file run_4.cif (mmCIF, C-alpha atoms)
data_my_file
loop_
_atom_site.group_PDB
_atom_site.id
_atom_site.type_symbol
_atom_site.label_atom_id
_atom_site.label_comp_id
_atom_site.auth_asym_id
_atom_site.auth_seq_id
_atom_site.Cartn_x
_atom_site.Cartn_y
_atom_site.Cartn_z
ATOM 1 C CA MET Y 1 -19.112 3.578 107.247
ATOM 2 C CA LYS Y 2 -20.013 3.464 103.568
ATOM 3 C CA ALA Y 3 -19.365 7.199 103.274
ATOM 4 C CA SER Y 4 -15.915 6.727 104.833
ATOM 5 C CA LEU Y 5 -15.060 3.877 102.491
ATOM 6 C CA ASP Y 6 -16.312 5.856 99.498
ATOM 7 C CA MET Y 7 -14.154 8.818 100.490
ATOM 8 C CA LEU Y 8 -11.055 6.635 100.916
ATOM 9 C CA THR Y 9 -11.710 4.886 97.617
ATOM 10 C CA ASN Y 10 -12.215 8.193 95.792
ATOM 11 C CA LEU Y 11 -9.010 9.636 97.234
ATOM 12 C CA GLY Y 12 -7.103 6.466 96.517
ATOM 13 C CA ILE Y 13 -5.264 4.360 99.036
ATOM 14 C CA PRO Y 14 -1.828 5.317 97.629
ATOM 15 C CA ARG Y 15 -2.588 9.025 98.269
ATOM 16 C CA VAL Y 16 -3.749 8.259 101.802
ATOM 17 C CA GLU Y 17 -0.592 6.221 102.441
ATOM 18 C CA SER Y 18 1.627 8.976 101.061
ATOM 19 C CA ARG Y 19 -0.063 11.606 103.215
ATOM 20 C CA LEU Y 20 0.223 9.467 106.363
ATOM 21 C CA LEU Y 21 3.933 8.907 105.821
ATOM 22 C CA GLU Y 22 4.421 12.612 105.108
ATOM 23 C CA LEU Y 23 2.813 13.520 108.438
ATOM 24 C CA LYS Y 24 4.743 10.777 110.227
ATOM 25 C CA SER Y 25 7.993 12.158 108.840
ATOM 26 C CA ALA Y 26 7.206 15.592 110.286
ATOM 27 C CA ILE Y 27 6.340 14.050 113.664
ATOM 28 C CA CYS Y 28 9.517 11.954 113.719
ATOM 29 C CA GLU Y 29 11.761 14.865 112.777
ATOM 30 C CA GLY Y 30 10.296 16.974 115.576
ATOM 31 C CA LEU Y 31 10.508 14.211 118.166
ATOM 32 C CA GLU Y 32 14.072 13.318 117.260
ATOM 33 C CA ALA Y 33 15.050 17.010 117.460
ATOM 34 C CA MET Y 34 13.832 16.862 121.088
ATOM 35 C CA ASN Y 35 15.939 13.719 121.681
ATOM 36 C CA TYR Y 36 13.021 11.303 121.807
ATOM 37 C CA LYS Y 37 13.415 7.822 120.374
ATOM 38 C CA VAL Y 38 10.845 6.904 117.707
ATOM 39 C CA ILE Y 39 10.175 3.197 118.131
ATOM 40 C CA SER Y 40 7.669 2.564 115.331
ATOM 41 C CA PRO Y 41 8.801 1.771 111.774
ATOM 42 C CA GLN Y 42 9.458 4.904 109.741
ATOM 43 C CA SER Y 43 9.786 3.228 106.368
ATOM 44 C CA GLY Y 44 9.205 -0.068 104.648
ATOM 45 C CA PRO Y 45 6.142 -2.300 104.513
ATOM 46 C CA ASN Y 46 5.343 -1.938 108.229
ATOM 47 C CA ALA Y 47 5.417 1.860 108.291
ATOM 48 C CA SER Y 48 2.136 3.623 109.009
ATOM 49 C CA GLY Y 49 0.915 6.897 110.425
ATOM 50 C CA ILE Y 50 1.026 5.387 113.907
ATOM 51 C CA THR Y 51 3.995 6.907 115.682
ATOM 52 C CA SER Y 52 5.253 5.669 119.022
ATOM 53 C CA PHE Y 53 8.088 7.268 120.954
ATOM 54 C CA THR Y 54 9.868 7.136 124.269
ATOM 55 C CA SER Y 55 12.754 8.698 126.111
ATOM 56 C CA LEU Y 56 15.681 6.380 126.631
ATOM 57 C CA ASP Y 57 17.270 8.881 129.043
ATOM 58 C CA ASN Y 58 14.131 9.505 131.102
ATOM 59 C CA PRO Y 59 11.421 6.858 130.630
ATOM 60 C CA LYS Y 60 9.532 8.150 133.696
ATOM 61 C CA GLY Y 61 9.252 11.496 131.937
ATOM 62 C CA ILE Y 62 7.090 9.841 129.292
ATOM 63 C CA GLU Y 63 4.576 8.816 131.928
ATOM 64 C CA SER Y 64 4.400 12.335 133.373
ATOM 65 C CA LEU Y 65 4.166 13.860 129.898
ATOM 66 C CA PHE Y 66 0.997 11.924 129.071
ATOM 67 C CA PRO Y 67 -1.517 13.734 131.354
ATOM 68 C CA VAL Y 68 -0.032 17.132 130.497
ATOM 69 C CA LEU Y 69 -0.628 16.505 126.798
ATOM 70 C CA LEU Y 70 -4.158 15.245 127.439
ATOM 71 C CA GLU Y 71 -4.913 18.489 129.289
ATOM 72 C CA LYS Y 72 -3.821 20.337 126.131
ATOM 73 C CA ASN Y 73 -6.361 18.267 124.134
ATOM 74 C CA ILE Y 74 -3.602 16.345 122.391
ATOM 75 C CA VAL Y 75 -5.060 12.899 121.799
ATOM 76 C CA LEU Y 76 -2.638 10.026 122.254
ATOM 77 C CA SER Y 77 -2.274 6.827 124.238
ATOM 78 C CA PHE Y 78 0.129 5.726 126.948
ATOM 79 C CA ARG Y 79 1.502 2.206 126.671
ATOM 80 C CA HIS Y 80 4.351 -0.065 127.729
ATOM 81 C CA ASP Y 81 6.377 -2.404 125.562
ATOM 82 C CA ARG Y 82 7.035 -6.031 126.516
ATOM 83 C CA ASP Y 83 10.018 -4.978 128.594
ATOM 84 C CA GLY Y 84 7.942 -2.461 130.528
ATOM 85 C CA VAL Y 85 9.399 0.612 128.816
ATOM 86 C CA PRO Y 86 6.728 3.348 128.677
ATOM 87 C CA TYR Y 87 5.936 5.082 125.426
ATOM 88 C CA LEU Y 88 3.392 7.429 123.895
ATOM 89 C CA ARG Y 89 1.524 6.594 120.709
ATOM 90 C CA PHE Y 90 0.009 8.998 118.182
ATOM 91 C CA SER Y 91 -2.324 7.882 115.413
ATOM 92 C CA PRO Y 92 -2.754 10.779 112.989
ATOM 93 C CA HIS Y 93 -4.795 10.267 109.866
ATOM 94 C CA PHE Y 94 -4.594 11.741 106.374
ATOM 95 C CA TYR Y 95 -6.999 14.554 107.244
ATOM 96 C CA ASN Y 96 -4.725 15.936 109.969
ATOM 97 C CA THR Y 97 -2.849 19.079 109.003
ATOM 98 C CA HIS Y 98 0.774 20.099 109.339
ATOM 99 C CA SER Y 99 -0.434 22.876 111.660
ATOM 100 C CA GLU Y 100 -1.908 20.237 113.963
ATOM 101 C CA ILE Y 101 1.349 18.265 113.902
ATOM 102 C CA GLU Y 102 3.297 21.428 114.726
ATOM 103 C CA ALA Y 103 0.891 22.156 117.604
ATOM 104 C CA VAL Y 104 1.443 18.654 118.976
ATOM 105 C CA LEU Y 105 5.218 19.031 118.778
ATOM 106 C CA GLU Y 106 5.006 22.439 120.418
ATOM 107 C CA GLY Y 107 2.803 20.957 123.150
ATOM 108 C CA ILE Y 108 5.373 18.237 123.783
ATOM 109 C CA SER Y 109 8.208 20.748 123.827
ATOM 110 C CA ASN Y 110 6.392 23.021 126.267
ATOM 111 C CA ALA Y 111 5.336 20.127 128.532
ATOM 112 C CA ARG Y 112 8.723 18.471 128.864
ATOM 113 C CA THR Y 113 9.826 17.919 132.412
#
call {"tool": "encode", "arguments": {"input": "run_4.cif", "output": "structure tokens"}}
result
Amino acid sequence: MKASLDMLTNLGIPRVESRLLELKSAICEGLEAMNYKVISPQSGPNASGITSFTSLDNPKGIESLFPVLLEKNIVLSFRHDRDGVPYLRFSPHFYNTHSEIEAVLEGISNART
């Protein structure tokens, strides 16, 4: 844990934050291009790398998308909001690459039902 904290401190929290929001922006753009609804904050004090999305047109499709993405080794979680609407949640970190984000978006695009 000390090594992790040292690395974060050496990089600087502002750089980590900037990188997370940069990756989130790429994820959001790709998801919105596929007509998914991003439901996590994209800007402001509550924005983070955590990106949750759903389909307002086909919420059941989100549930069926989850196992397909897991089979492709795309790590994410399946959840429901307080109203029972299903959504998927990604938690990239600063060390993830744009290539990995593109692979995730491609996996989602190819798995859509």
call {"tool": "atom_distance", "arguments": {"input": "run_4.cif", "atom1": "CA of Gly44 (chain Y)", "atom2": "CA of Cys28 (chain Y)"}}
result
15.1 Å
call {"tool": "closest_residue", "arguments": {"input": "run_4.cif", "among": "Y:Ser4, Y:Ser40, Y:Asn58, Y:Asn46", "to": "Val85 (chain Y)", "atoms": "all atoms listed in the file"}}
result
Y:Asn58
call {"tool": "atom_distance", "arguments": {"input": "run_4.cif", "atom1": "CA of Leu5 (chain Y)", "atom2": "CA of Val104 (chain Y)"}}
result
27.6 Å
call {"tool": "resolve_selection", "arguments": {"input": "run_4.cif", "expression": "the PyMOL selection byres ((chain Y and resi 61) around 12)", "output": "PyMOL selection string"}}
result
chain Y and resi 36+53-60+62-68+78+85-88+108+111-113
call {"tool": "atom_distance", "arguments": {"input": "run_4.cif", "atom1": "CA of Arg19 (chain Y)", "atom2": "CA of Ser43 (chain Y)"}}
result
13.3 Å
call {"tool": "closest_residue", "arguments": {"input": "run_4.cif", "among": "Y:Leu76, Y:Leu23, Y:Met1, Y:Leu11", "to": "His93 (chain Y)", "atoms": "all atoms listed in the file"}}
result
Y:Leu23
call {"tool": "residues_near_point", "arguments": {"input": "run_4.cif", "point": "(4.8, 10.1, 117.2)", "cutoff": "8 Å", "atoms": "only C-alpha atoms", "output": "JSON, numbers by chain"}}
result
{"Y": [24, 27, 28, 31, 38, 50, 51, 52, 53, 88, 89, 90, 91]}
call {"tool": "residues_around", "arguments": {"input": "run_4.cif", "residues": "Ser48 (chain Y)", "least_positions_apart": "5", "cutoff": "8 Å", "atoms": "all atoms listed in the file", "output": "number ranges by chain"}}
result
Y: 17, 20-21, 24, 41-42
call {"tool": "axis_aligned_box", "arguments": {"input": "run_4.cif", "around": "region 49-68 of chain Y", "padding_each_side": "8 Å", "output": "JSON"}}
result
{"center_x": 7.9, "center_y": 11.3, "center_z": 122.1, "size_x": 34.8, "size_y": 27.7, "size_z": 39.3}
call {"tool": "closest_residue", "arguments": {"input": "run_4.cif", "among": "Y:His80, Y:Gly107, Y:Tyr95, Y:Ala47", "to": "Arg15 (chain Y)", "atoms": "all atoms listed in the file"}}
result
Y:Tyr95
call {"tool": "closest_residue", "arguments": {"input": "run_4.cif", "among": "Y:Asn10, Y:Asn35, Y:Asn73, Y:Ser25", "to": "Ala103 (chain Y)", "atoms": "only C-alpha atoms"}}
result
Y:Asn73
